>>> print(open('run.txt').read())   # compact mmCIF, C-alpha atoms
# COMPACT_ATOMS: atom_id res chain seq x y z
CA MET P 1 36.83 40.80 19.27
CA LYS P 2 34.99 44.01 20.02
CA ARG P 3 31.93 43.96 22.23
CA LYS P 4 29.76 45.40 19.42
CA THR P 5 30.79 42.60 17.09
CA TRP P 6 29.90 40.03 19.74
CA LEU P 7 26.47 41.58 20.13
CA TYR P 8 25.84 41.40 16.38
CA LEU P 9 27.00 37.78 16.33
CA VAL P 10 24.72 36.80 19.21
CA PHE P 11 21.82 38.67 17.56
CA PHE P 12 22.15 36.76 14.27
CA VAL P 13 22.58 33.44 16.03
CA LEU P 14 19.35 34.04 17.95
CA LEU P 15 17.61 35.27 14.80
CA PHE P 16 18.48 32.20 12.73
CA GLY P 17 17.83 29.88 15.66
CA GLY P 18 14.36 31.35 16.05
CA PHE P 19 13.70 31.03 12.33
CA TYR P 20 14.59 27.32 12.23
CA ALA P 21 12.62 26.66 15.42
CA PHE P 22 9.58 28.26 13.77
CA LEU P 23 10.13 26.30 10.57
CA TYR P 24 10.36 23.01 12.47
CA ALA P 25 7.22 23.82 14.45
CA THR P 26 5.20 24.43 11.29
CA ILE P 27 6.17 21.10 9.70
CA ASP P 28 3.52 18.45 10.41
CA SER P 29 5.65 15.44 11.33
CA SER P 30 2.52 13.27 11.48
CA LYS P 31 2.12 13.52 7.69
CA SER P 32 3.92 11.21 5.29
CA ARG P 33 5.60 12.80 2.29
CA LEU P 34 4.07 10.22 -0.04
CA PRO P 35 1.85 11.78 -2.72
CA VAL P 36 -1.82 10.91 -3.16
CA LEU P 37 -2.10 9.02 -6.46
CA ASN P 38 -5.75 7.99 -6.47
CA ILE P 39 -8.81 7.26 -4.33
CA VAL P 40 -10.04 3.69 -3.81
CA LYS P 41 -13.62 3.27 -5.02
CA PRO P 42 -16.21 1.19 -3.12
CA PHE P 43 -15.75 -2.55 -3.55
CA SER P 44 -17.37 -5.81 -2.52
CA PHE P 45 -15.53 -9.15 -2.57
CA GLU P 46 -15.47 -12.53 -0.85
CA ARG P 47 -12.61 -13.52 1.45
CA GLN P 48 -10.91 -16.93 1.77
CA ASP P 49 -13.14 -17.78 4.74
CA GLY P 50 -16.31 -16.95 2.77
CA GLN P 51 -16.78 -13.63 4.57
CA HIS P 52 -18.22 -10.76 2.54
CA ILE P 53 -15.74 -7.83 2.49
CA THR P 54 -16.32 -4.19 1.54
CA GLY P 55 -14.37 -0.95 1.80
CA LYS P 56 -15.85 -0.43 5.26
CA ASP P 57 -13.84 -3.39 6.53
CA VAL P 58 -10.54 -1.71 5.66
CA ALA P 59 -11.44 1.77 6.90
CA GLY P 60 -8.75 3.05 9.24
CA LYS P 61 -6.23 0.48 8.01
CA VAL P 62 -3.07 0.85 5.97
CA TYR P 63 -2.96 -1.92 3.38
CA ALA P 64 -1.04 -3.32 0.42
CA ALA P 65 -3.02 -4.61 -2.56
CA GLU P 66 -1.94 -7.05 -5.25
CA PHE P 67 -3.49 -9.10 -8.09
CA PHE P 68 -2.41 -12.70 -8.81
CA PHE P 69 -3.83 -16.15 -9.59
CA THR P 70 -3.20 -19.44 -7.82
CA THR P 71 -2.21 -21.45 -10.92
CA CYS P 72 0.40 -18.90 -12.02
CA GLU P 73 3.84 -20.44 -12.57
CA GLY P 74 5.48 -17.19 -13.64
CA ILE P 75 5.73 -14.02 -11.56
CA CYS P 76 3.06 -14.74 -8.92
CA PRO P 77 5.07 -17.14 -6.72
CA LYS P 78 7.92 -14.63 -6.42
CA MET P 79 5.47 -11.79 -5.83
CA ASN P 80 3.86 -13.66 -2.98
CA ARG P 81 7.19 -14.70 -1.48
CA ASN P 82 8.01 -11.00 -1.37
CA MET P 83 4.57 -10.17 -0.02
CA LYS P 84 5.19 -12.80 2.68
CA ARG P 85 8.19 -10.69 3.77
CA VAL P 86 5.83 -7.74 4.16
CA PHE P 87 3.36 -9.92 6.05
CA ASP P 88 6.05 -11.22 8.42
CA GLN P 89 7.13 -7.66 9.14
CA PHE P 90 3.64 -6.42 10.05
CA LYS P 91 1.60 -9.49 11.00
CA ASN P 92 1.19 -8.26 14.56
CA GLU P 93 0.24 -4.73 13.52
CA LYS P 94 -3.51 -4.35 14.06
CA ASP P 95 -3.79 -1.42 11.65
CA PHE P 96 -2.21 -3.18 8.66
CA LEU P 97 -3.65 -5.57 6.06
CA ILE P 98 -2.71 -7.25 2.79
CA LEU P 99 -5.40 -7.68 0.13
CA SER P 100 -4.53 -10.27 -2.52
CA HIS P 101 -7.11 -10.30 -5.32
CA THR P 102 -7.40 -13.12 -7.82
CA VAL P 103 -7.52 -12.23 -11.51
CA ASP P 104 -8.92 -15.67 -12.32
CA PRO P 105 -12.14 -15.95 -10.29
CA GLU P 106 -13.45 -18.85 -12.41
CA THR P 107 -10.61 -21.01 -11.10
CA ASP P 108 -9.88 -19.37 -7.76
CA SER P 109 -12.87 -20.25 -5.64
CA VAL P 110 -13.06 -19.36 -1.97
CA ALA P 111 -11.94 -22.89 -1.06
CA ARG P 112 -8.98 -22.72 -3.45
CA LEU P 113 -7.92 -19.33 -2.08
CA LYS P 114 -8.09 -20.76 1.44
CA MET P 115 -5.75 -23.61 0.45
CA TYR P 116 -3.36 -21.16 -1.24
CA ALA P 117 -3.39 -18.81 1.76
CA ASP P 118 -2.70 -21.71 4.12
CA SER P 119 0.24 -22.83 1.95
CA LEU P 120 1.81 -19.40 2.50
CA GLY P 121 1.12 -19.41 6.22
CA ALA P 122 -1.10 -16.37 5.80
CA ASP P 123 -3.01 -15.35 8.92
CA ILE P 124 -6.51 -14.23 8.01
CA LYS P 125 -6.27 -11.51 10.65
CA SER P 126 -3.94 -9.55 8.39
CA TRP P 127 -3.73 -11.20 4.95
CA TRP P 128 -6.92 -11.52 2.93
CA PHE P 129 -7.33 -13.40 -0.35
CA LEU P 130 -10.28 -12.06 -2.30
CA THR P 131 -12.47 -13.16 -5.17
CA GLY P 132 -15.58 -11.80 -6.86
CA SER P 133 -16.87 -11.07 -10.32
CA LYS P 134 -14.13 -10.69 -12.94
CA ASP P 135 -15.51 -7.34 -14.01
CA SER P 136 -15.43 -5.94 -10.46
CA LEU P 137 -11.93 -7.28 -9.77
CA TYR P 138 -10.51 -5.83 -12.97
CA LYS P 139 -12.15 -2.43 -12.55
CA THR P 140 -10.78 -2.27 -9.01
CA ALA P 141 -7.26 -3.07 -10.25
CA ARG P 142 -7.49 -0.34 -12.88
CA GLU P 143 -9.73 2.38 -11.51
CA SER P 144 -8.80 2.19 -7.82
CA TYR P 145 -5.27 0.83 -7.52
CA ILE P 146 -4.07 2.02 -10.99
CA LEU P 147 -2.21 -1.27 -11.52
CA ASP P 148 -3.36 -1.62 -15.12
CA ASP P 149 -4.43 0.71 -17.92
CA PRO P 150 -8.13 1.70 -17.49
CA LYS P 151 -8.46 1.80 -21.28
CA ASN P 152 -8.40 -2.00 -21.19
CA ASN P 153 -11.89 -1.90 -19.66
CA ALA P 154 -13.21 -1.16 -23.16
CA THR P 155 -12.45 -4.68 -24.42
CA ASN P 156 -14.68 -7.70 -23.86
CA ILE P 157 -14.23 -8.84 -20.24
CA ASP P 158 -13.99 -12.48 -21.37
CA GLU P 159 -10.93 -11.58 -23.46
CA GLN P 160 -9.16 -9.70 -20.67
CA PHE P 161 -6.44 -11.01 -18.40
CA ILE P 162 -4.48 -8.85 -15.97
CA HIS P 163 -1.00 -10.10 -15.12
CA THR P 164 0.72 -7.34 -13.16
CA GLN P 165 3.72 -7.53 -10.84
CA PHE P 166 2.94 -4.27 -9.06
CA PHE P 167 1.66 -3.67 -5.53
CA ALA P 168 -0.37 -0.65 -4.40
CA LEU P 169 -0.11 0.94 -0.96
CA VAL P 170 -3.23 2.52 0.53
CA ASP P 171 -3.48 4.78 3.56
CA LYS P 172 -6.01 4.81 6.41
CA ILE P 173 -8.55 6.91 4.50
CA GLY P 174 -8.50 4.97 1.24
CA GLN P 175 -5.93 6.94 -0.73
CA VAL P 176 -3.37 5.19 -2.94
CA ARG P 177 0.03 6.51 -1.85
CA GLY P 178 2.51 4.33 -3.73
CA ILE P 179 3.04 1.74 -6.46
CA TYR P 180 5.87 -0.83 -6.09
CA ASP P 181 7.43 -3.52 -8.27
CA GLY P 182 6.67 -6.72 -6.40
CA LEU P 183 9.63 -8.52 -7.98
CA LYS P 184 12.38 -6.16 -6.87
CA LYS P 185 14.06 -6.37 -3.46
CA ASP P 186 14.72 -2.63 -3.20
CA GLU P 187 11.09 -1.87 -4.02
CA ILE P 188 9.92 -4.23 -1.28
CA GLU P 189 12.25 -2.50 1.18
CA LYS P 190 10.77 0.85 0.15
CA LEU P 191 7.26 -0.55 0.55
CA ILE P 192 8.07 -1.68 4.10
CA THR P 193 9.52 1.75 4.93
CA ASP P 194 6.50 3.53 3.48
CA ILE P 195 4.08 1.29 5.37
CA LYS P 196 5.77 2.33 8.61
CA GLY P 197 5.38 5.97 7.60
CA LEU P 198 1.68 5.61 6.87
CA LEU P 199 1.04 3.70 10.10
CA ASN P 200 2.45 6.70 11.96
CA GLU P 201 0.53 9.19 9.85
CA ASN P 202 -2.38 11.02 11.42
CA PRO P 203 -4.96 11.43 8.62
CA ARG P 204 -7.16 14.53 8.72
>>> encode(input="run.txt", output="structure tokens")
Amino acid sequence: MKRKTWLYLVFFVLLFGGFYAFLYATIDSSKSRLPVLNIVKPFSFERQDGQHITGKDVAGKVYAAEFFFTTCEGICPKMNRNMKRVFDQFKNEKDFLILSHTVDPETDSVARLKMYADSLGADIKSWWFLTGSKDSLYKTARESYILDDPKNNATNIDEQFIHTQFFALVDKIGQVRGIYDGLKKDEIEKLITDIKGLLNENPR
């Protein structure tokens, strides 16, 4: 091969190498590729130990949110068995939480939630079971975590009952970044993968 051809070859190799090095340098590897779906609005609930909880208590944490009720004999037991898998994966991660909200606050008192949490082996350090007014719980499910149609807020609250199998994933600055089917194994695996991504994300 002629010397001139070699020079051209080396030139283009260096040119493309420089281009890809620049491209890599401009990609922020600290940012997850998950889209921002919604912003969590301020909330105020009571935890299974009677502690008052607000959005300030989850600031800086990645967390998964779900809605269930303790007397459910349908989808809720499977949902919480799957959520237990998530808990077991991250129970020693200080920047991760699970927030399980009751949709039946008339039945699910603080004491009842404590018994339910204990039956799952849930550590209060990283898995919170929450109750509050029905109106506040339902608006949070719909307007913050987008786990139910907000149009349902228009009906009489006494006639409403949310029964959703979906989990929401929230980042460290209160942004909803994913919705997952809590009954499907592959969705739970994706949730676990996405939690890891958000834990490594550097929010700005």
>>> atom_distance(input="run.txt", atom1="CA of Trp127 in chain P", atom2="CA of Met79 in chain P")
14.2 Å
>>> residues_around(input="run.txt", residues="Ala117 in chain P", least_positions_apart="4", cutoff="8 Å", atoms="all atoms listed in the file", output="list in words")
Gln48, Leu113, Gly121, Ala122, Asp123 and Phe129 of chain P
>>> closest_atom_pairs(input="run.txt", of="range 23-139 of chain P", to="range 158-165 of chain P", cutoff="10 Å", atoms="all atoms listed in the file", output="Markdown table")
| residue | atom | partner | partner_atom | distance |
| --- | --- | --- | --- | --- |
| P:Glu66 | CA | P:Gln165 | CA | 8.0 |
| P:Phe67 | CA | P:Thr164 | CA | 6.8 |
| P:Phe68 | CA | P:His163 | CA | 7.0 |
| P:Phe69 | CA | P:His163 | CA | 8.7 |
| P:Cys72 | CA | P:His163 | CA | 9.4 |
| P:Gly74 | CA | P:His163 | CA | 9.7 |
| P:Ile75 | CA | P:Gln165 | CA | 6.8 |
| P:Cys76 | CA | P:Gln165 | CA | 7.5 |
| P:Lys78 | CA | P:Gln165 | CA | 9.4 |
| P:Met79 | CA | P:Gln165 | CA | 6.8 |
| P:Asn80 | CA | P:Gln165 | CA | 10.0 |
| P:Thr102 | CA | P:Ile162 | CA | 9.7 |
| P:Val103 | CA | P:Ile162 | CA | 6.4 |
| P:Asp104 | CA | P:Phe161 | CA | 8.1 |
| P:Lys134 | CA | P:Asp158 | CA | 8.6 |
| P:Asp135 | CA | P:Asp158 | CA | 9.1 |
| P:Leu137 | CA | P:Ile162 | CA | 9.8 |
| P:Tyr138 | CA | P:Ile162 | CA | 7.4 |
>>> residues_around(input="run.txt", residues="Phe167 in chain P", least_positions_apart="5", cutoff="12 Å", atoms="only C-alpha atoms", output="PyMOL selection string")
chain P and resi 63-68+76+79-80+82-83+86+98-101+141+145-148+176-184+187-188+190-192
>>> residues_around(input="run.txt", residues="Ala111 in chain P", least_positions_apart="5", cutoff="12 Å", atoms="all atoms listed in the file", output="VMD selection string")
chain P and resid 46 to 51 70 105 116 to 118 129 to 131
>>> closest_residue(input="run.txt", among="P:Phe96, P:Leu120, P:Pro150, P:Asp108", to="Gly197 in chain P", atoms="only C-alpha atoms")
P:Phe96
>>> closest_residue(input="run.txt", among="P:Ser44, P:Asn156, P:Ser126, P:Asn38", to="Gly174 in chain P", atoms="all atoms listed in the file")
P:Asn38
>>> closest_residue(input="run.txt", among="P:Pro35, P:Gly132, P:Pro203, P:Pro77", to="Val62 in chain P", atoms="only C-alpha atoms")
P:Pro203
>>> axis_aligned_box(input="run.txt", around="range 96-107 of chain P", padding_each_side="6 Å", output="AutoDock Vina command-line options")
--center_x -7.8 --center_y -12.1 --center_z -1.9 --size_x 23.2 --size_y 29.8 --size_z 33.1
>>> closest_residue(input="run.txt", among="P:Arg112, P:Arg142, P:Lys94, P:Arg33", to="Val58 in chain P", atoms="only C-alpha atoms")
P:Lys94
>>> atom_distance(input="run.txt", atom1="CA of Gln175 in chain P", atom2="CA of Phe87 in chain P")
20.4 Å
>>> atom_distance(input="run.txt", atom1="CA of Ala59 in chain P", atom2="CA of Lys172 in chain P")
6.2 Å
>>> build_atoms(input="run.txt", residues="range 183-196 of chain P", atoms="N, CA, C and O atoms", output="tab-separated table (two decimals), keeping the file's coordinate frame")
chain	number	residue	atom	x	y	z
P	183	LEU	N	8.56	-7.57	-7.69
P	183	LEU	CA	9.63	-8.52	-7.98
P	183	LEU	C	11.00	-8.03	-7.56
P	183	LEU	O	11.98	-8.78	-7.62
P	184	LYS	N	11.08	-6.76	-7.15
P	184	LYS	CA	12.38	-6.16	-6.87
P	184	LYS	C	12.59	-5.96	-5.36
P	184	LYS	O	11.75	-5.38	-4.68
P	185	LYS	N	13.74	-6.42	-4.88
P	185	LYS	CA	14.06	-6.37	-3.46
P	185	LYS	C	14.05	-4.94	-2.93
P	185	LYS	O	13.51	-4.68	-1.85
P	186	ASP	N	14.66	-4.00	-3.68
P	186	ASP	CA	14.72	-2.63	-3.20
P	186	ASP	C	13.34	-1.98	-3.13
P	186	ASP	O	13.06	-1.16	-2.26
P	187	GLU	N	12.45	-2.40	-4.05
P	187	GLU	CA	11.09	-1.87	-4.02
P	187	GLU	C	10.32	-2.41	-2.81
P	187	GLU	O	9.49	-1.70	-2.22
P	188	ILE	N	10.57	-3.65	-2.46
P	188	ILE	CA	9.92	-4.23	-1.28
P	188	ILE	C	10.42	-3.54	-0.02
P	188	ILE	O	9.63	-3.26	0.91
P	189	GLU	N	11.71	-3.23	0.03
P	189	GLU	CA	12.25	-2.50	1.18
P	189	GLU	C	11.61	-1.12	1.29
P	189	GLU	O	11.29	-0.66	2.39
P	190	LYS	N	11.42	-0.47	0.15
P	190	LYS	CA	10.77	0.85	0.15
P	190	LYS	C	9.32	0.73	0.60
P	190	LYS	O	8.81	1.56	1.36
P	191	LEU	N	8.64	-0.31	0.13
P	191	LEU	CA	7.26	-0.55	0.55
P	191	LEU	C	7.18	-0.69	2.07
P	191	LEU	O	6.32	-0.09	2.72
P	192	ILE	N	8.07	-1.48	2.64
P	192	ILE	CA	8.07	-1.68	4.10
P	192	ILE	C	8.31	-0.35	4.82
P	192	ILE	O	7.63	-0.03	5.81
P	193	THR	N	9.25	0.43	4.32
P	193	THR	CA	9.52	1.75	4.93
P	193	THR	C	8.30	2.66	4.83
P	193	THR	O	7.94	3.34	5.81
P	194	ASP	N	7.65	2.65	3.68
P	194	ASP	CA	6.50	3.53	3.48
P	194	ASP	C	5.29	3.09	4.30
P	194	ASP	O	4.49	3.92	4.74
P	195	ILE	N	5.15	1.78	4.49
P	195	ILE	CA	4.08	1.29	5.37
P	195	ILE	C	4.26	1.84	6.77
P	195	ILE	O	3.31	2.31	7.41
P	196	LYS	N	5.48	1.79	7.27
P	196	LYS	CA	5.77	2.33	8.61
P	196	LYS	C	5.39	3.80	8.68
P	196	LYS	O	4.82	4.27	9.68
